[in-house]
Amino acid sequence: MTTPQIKRPKRLWVASLMNILVGCLSLAMLIFVTTSSRVATVQLSAGTAAMAAVTAGFLVVSSVMALLGKPRWRRLMLLGALAFYGSVMVQSALLLAQAQDSLVPASKLISHVIRSGLELAINLWALLSLKTRQYFGRELAAT
(Lines give C-alpha, C1' and ligand atoms only; values in the text may rest on other atoms or scores of the structure.)
Protein backbone atom coordinates (compact mmCIF):
# COMPACT_ATOMS: atom_id res chain seq x y z
CA MET A 1 0.00 0.00 0.00
CA THR A 2 1.33 3.43 -0.86
CA THR A 3 1.43 6.32 1.55
CA PRO A 4 -0.73 9.32 0.70
CA GLN A 5 1.08 12.12 -1.11
CA ILE A 6 1.33 15.22 1.09
CA LYS A 7 1.53 18.40 -0.95
CA ARG A 8 4.03 21.13 -0.17
CA PRO A 9 2.23 23.60 2.13
CA LYS A 10 1.45 27.02 0.66
CA ARG A 11 2.83 28.66 3.79
CA LEU A 12 6.21 27.09 3.02
CA TRP A 13 6.01 28.59 -0.47
CA VAL A 14 5.20 32.02 0.97
CA ALA A 15 7.99 32.03 3.55
CA SER A 16 10.58 30.55 1.18
CA LEU A 17 9.84 32.92 -1.69
CA MET A 18 9.84 35.90 0.68
CA ASN A 19 13.21 34.83 2.10
CA ILE A 20 14.69 34.23 -1.35
CA LEU A 21 13.54 37.60 -2.67
CA VAL A 22 14.63 39.55 0.41
CA GLY A 23 17.97 37.74 0.58
CA CYS A 24 18.73 38.31 -3.12
CA LEU A 25 17.74 41.96 -2.83
CA SER A 26 20.00 42.35 0.20
CA LEU A 27 22.90 40.76 -1.66
CA ALA A 28 22.31 43.04 -4.66
CA MET A 29 22.21 46.14 -2.46
CA LEU A 30 25.32 45.01 -0.60
CA ILE A 31 27.19 44.64 -3.88
CA PHE A 32 25.93 48.04 -5.01
CA VAL A 33 26.95 49.77 -1.77
CA THR A 34 30.42 48.22 -1.71
CA THR A 35 31.26 48.74 -5.40
CA SER A 36 29.47 51.92 -6.42
CA SER A 37 31.20 55.27 -6.50
CA ARG A 38 27.77 56.92 -6.04
CA VAL A 39 27.62 55.82 -2.41
CA ALA A 40 30.77 57.42 -1.06
CA THR A 41 29.32 58.32 2.34
CA VAL A 42 28.63 54.70 3.37
CA GLN A 43 31.74 52.62 3.94
CA LEU A 44 31.25 49.09 5.23
CA SER A 45 34.06 47.32 6.98
CA ALA A 46 35.15 43.98 5.55
CA GLY A 47 33.71 42.16 8.56
CA THR A 48 30.35 43.89 8.29
CA ALA A 49 30.11 43.24 4.56
CA ALA A 50 31.11 39.60 5.03
CA MET A 51 28.56 39.05 7.81
CA ALA A 52 25.80 40.65 5.74
CA ALA A 53 26.71 38.52 2.72
CA VAL A 54 26.88 35.31 4.75
CA THR A 55 23.54 35.82 6.50
CA ALA A 56 21.72 36.84 3.30
CA GLY A 57 23.35 34.04 1.28
CA PHE A 58 22.55 31.43 3.92
CA LEU A 59 18.94 32.65 4.06
CA VAL A 60 18.61 32.18 0.29
CA VAL A 61 20.31 28.76 0.17
CA SER A 62 18.44 27.35 3.16
CA SER A 63 15.11 28.61 1.81
CA VAL A 64 15.74 27.03 -1.60
CA MET A 65 16.74 23.72 -0.04
CA ALA A 66 13.72 23.70 2.28
CA LEU A 67 11.44 24.54 -0.64
CA LEU A 68 12.90 21.58 -2.52
CA GLY A 69 11.73 19.40 0.37
CA LYS A 70 15.02 18.62 2.09
CA PRO A 71 13.92 17.80 5.66
CA ARG A 72 16.98 18.95 7.57
CA TRP A 73 16.94 22.35 5.87
CA ARG A 74 13.65 23.32 7.52
CA ARG A 75 15.45 24.05 10.79
CA LEU A 76 18.36 25.63 8.96
CA MET A 77 15.92 27.91 7.12
CA LEU A 78 14.45 28.94 10.47
CA LEU A 79 17.95 29.54 11.83
CA GLY A 80 18.82 31.63 8.76
CA ALA A 81 15.64 33.67 9.14
CA LEU A 82 16.32 34.28 12.83
CA ALA A 83 19.89 35.38 12.07
CA PHE A 84 18.96 37.61 9.12
CA TYR A 85 15.72 39.24 10.26
CA GLY A 86 16.78 39.22 13.91
CA SER A 87 19.96 41.14 13.14
CA VAL A 88 17.99 43.69 11.12
CA MET A 89 15.52 44.05 13.98
CA VAL A 90 18.24 44.46 16.61
CA GLN A 91 20.15 46.96 14.48
CA SER A 92 17.03 49.07 13.93
CA ALA A 93 16.09 48.88 17.61
CA LEU A 94 19.58 50.01 18.65
CA LEU A 95 19.43 52.92 16.20
CA LEU A 96 15.96 53.75 17.53
CA ALA A 97 17.37 53.98 21.05
CA GLN A 98 19.73 56.66 19.71
CA ALA A 99 17.11 58.27 17.45
CA GLN A 100 18.00 61.84 18.41
CA ASP A 101 21.51 61.36 16.98
CA SER A 102 20.49 59.27 14.00
CA LEU A 103 20.24 60.35 10.38
CA VAL A 104 17.27 58.02 9.93
CA PRO A 105 13.85 59.23 11.17
CA ALA A 106 12.41 57.33 14.15
CA SER A 107 9.25 56.41 12.23
CA LYS A 108 11.33 54.63 9.59
CA LEU A 109 13.22 52.69 12.27
CA ILE A 110 9.97 51.68 13.95
CA SER A 111 8.66 50.40 10.62
CA HIS A 112 11.87 48.37 10.14
CA VAL A 113 11.46 46.75 13.55
CA ILE A 114 7.81 45.91 12.86
CA ARG A 115 8.54 44.60 9.34
CA SER A 116 11.37 42.37 10.58
CA GLY A 117 9.12 41.08 13.34
CA LEU A 118 6.41 40.22 10.82
CA GLU A 119 8.92 38.46 8.56
CA LEU A 120 10.12 36.42 11.52
CA ALA A 121 6.53 35.62 12.46
CA ILE A 122 5.79 34.42 8.92
CA ASN A 123 8.81 32.11 9.05
CA LEU A 124 7.83 30.76 12.47
CA TRP A 125 4.25 30.21 11.31
CA ALA A 126 5.33 28.50 8.11
CA LEU A 127 8.08 26.30 9.51
CA LEU A 128 6.64 25.27 12.87
CA SER A 129 3.08 24.56 11.73
CA LEU A 130 1.63 21.06 11.86
CA LYS A 131 1.18 20.90 8.07
CA THR A 132 4.82 21.73 7.45
CA ARG A 133 6.04 19.28 10.07
CA GLN A 134 3.91 16.56 8.49
CA TYR A 135 5.29 17.42 5.05
CA PHE A 136 8.90 17.21 6.22
CA GLY A 137 8.10 14.17 8.40
CA ARG A 138 7.00 12.34 5.26
CA GLU A 139 10.32 13.28 3.64
CA LEU A 140 12.25 11.91 6.63
CA ALA A 141 10.27 8.66 6.61
CA ALA A 142 11.02 8.19 2.90
CA THR A 143 14.81 8.41 3.42
# chains A, B, ... in the order shown; residues from 1 in each chain; ligands from 1

call {"tool": "residues_around", "arguments": {"residues": "Ala56 of chain A", "least_positions_apart": "3", "cutoff": "6 Å", "atoms": "only C-alpha atoms", "output": "JSON, numbers by chain"}}
result
{"A": [23, 53, 59]}

call {"tool": "residues_around", "arguments": {"residues": "Ile20 of chain A", "least_positions_apart": "2", "cutoff": "9 Å", "atoms": "only C-alpha atoms", "output": "short mmCIF file (atom, residue, chain, number, x, y, z; two decimals) with all heavy atoms, in the first residue's frame"}}
result
data_model
loop_
_atom_site.label_atom_id
_atom_site.label_comp_id
_atom_site.auth_asym_id
_atom_site.auth_seq_id
_atom_site.Cartn_x
_atom_site.Cartn_y
_atom_site.Cartn_z
N ALA A 15 6.81 31.69 2.74
CA ALA A 15 7.99 32.03 3.55
C ALA A 15 9.27 31.86 2.73
O ALA A 15 10.16 32.72 2.78
CB ALA A 15 8.05 31.17 4.80
N SER A 16 9.37 30.79 1.97
CA SER A 16 10.58 30.55 1.18
C SER A 16 10.77 31.60 0.10
O SER A 16 11.88 32.14 -0.06
CB SER A 16 10.53 29.16 0.54
OG SER A 16 10.54 28.16 1.51
N LEU A 17 9.72 31.91 -0.63
CA LEU A 17 9.84 32.92 -1.69
C LEU A 17 10.15 34.29 -1.11
O LEU A 17 10.96 35.04 -1.67
CB LEU A 17 8.58 32.95 -2.55
CG LEU A 17 8.37 31.70 -3.42
CD1 LEU A 17 7.05 31.80 -4.17
CD2 LEU A 17 9.52 31.50 -4.38
N MET A 18 9.54 34.62 0.02
CA MET A 18 9.84 35.90 0.68
C MET A 18 11.31 35.94 1.08
O MET A 18 12.00 36.93 0.80
CB MET A 18 8.96 36.08 1.92
CG MET A 18 9.28 37.33 2.71
SD MET A 18 8.38 37.43 4.28
CE MET A 18 9.14 36.12 5.21
N VAL A 22 14.00 38.59 -0.50
CA VAL A 22 14.63 39.55 0.41
C VAL A 22 16.13 39.31 0.48
O VAL A 22 16.93 40.26 0.46
CB VAL A 22 13.99 39.47 1.82
CG1 VAL A 22 14.79 40.25 2.84
CG2 VAL A 22 12.56 39.99 1.77
N GLY A 23 16.55 38.05 0.54
CA GLY A 23 17.97 37.74 0.58
C GLY A 23 18.70 38.16 -0.68
O GLY A 23 19.79 38.75 -0.62
N CYS A 24 18.11 37.90 -1.85
CA CYS A 24 18.73 38.31 -3.12
C CYS A 24 18.79 39.82 -3.24
O CYS A 24 19.79 40.38 -3.70
CB CYS A 24 17.98 37.70 -4.30
SG CYS A 24 18.25 35.94 -4.49
N LEU A 25 17.73 40.50 -2.81
CA LEU A 25 17.74 41.96 -2.83
C LEU A 25 18.81 42.51 -1.90
O LEU A 25 19.51 43.46 -2.25
CB LEU A 25 16.35 42.49 -2.44
CG LEU A 25 16.17 44.00 -2.48
CD1 LEU A 25 16.36 44.53 -3.89
CD2 LEU A 25 14.80 44.38 -1.97
N ALA A 56 22.67 36.77 4.42
CA ALA A 56 21.72 36.84 3.30
C ALA A 56 21.88 35.61 2.40
O ALA A 56 20.89 35.03 1.95
CB ALA A 56 21.95 38.11 2.50
N LEU A 59 20.40 32.57 4.09
CA LEU A 59 18.94 32.65 4.06
C LEU A 59 18.42 32.16 2.72
O LEU A 59 17.46 31.39 2.65
CB LEU A 59 18.47 34.08 4.34
CG LEU A 59 16.97 34.30 4.34
CD1 LEU A 59 16.32 33.57 5.51
CD2 LEU A 59 16.65 35.78 4.40
N VAL A 60 19.05 32.58 1.63
CA VAL A 60 18.61 32.18 0.29
C VAL A 60 18.82 30.68 0.09
O VAL A 60 17.90 29.97 -0.34
CB VAL A 60 19.36 32.99 -0.79
CG1 VAL A 60 19.09 32.44 -2.17
CG2 VAL A 60 18.98 34.46 -0.72
N VAL A 61 20.01 30.19 0.40
CA VAL A 61 20.31 28.76 0.17
C VAL A 61 19.42 27.87 1.03
O VAL A 61 18.85 26.89 0.52
CB VAL A 61 21.81 28.49 0.46
CG1 VAL A 61 22.10 27.00 0.48
CG2 VAL A 61 22.68 29.17 -0.57
N SER A 63 16.50 28.51 2.26
CA SER A 63 15.11 28.61 1.81
C SER A 63 14.89 27.79 0.54
O SER A 63 13.86 27.12 0.40
CB SER A 63 14.73 30.07 1.57
OG SER A 63 14.79 30.79 2.77
N VAL A 64 15.85 27.83 -0.37
CA VAL A 64 15.74 27.03 -1.60
C VAL A 64 15.74 25.54 -1.26
O VAL A 64 14.92 24.77 -1.78
CB VAL A 64 16.89 27.38 -2.58
CG1 VAL A 64 16.97 26.36 -3.71
CG2 VAL A 64 16.69 28.77 -3.15
#

call {"tool": "closest_residue", "arguments": {"among": "A:Arg38, A:Lys108, A:Lys10, A:Lys70", "to": "Arg138 of chain A", "atoms": "only C-alpha atoms"}}
result
A:Lys70

call {"tool": "closest_residue", "arguments": {"among": "A:Ala52, A:Ala126, A:Leu94, A:Leu30", "to": "Trp13 of chain A", "atoms": "only C-alpha atoms"}}
result
A:Ala126

call {"tool": "atom_distance", "arguments": {"atom1": "atom CA of Leu124 of chain A", "atom2": "atom CA of Met65 of chain A"}}
result
16.9 Å
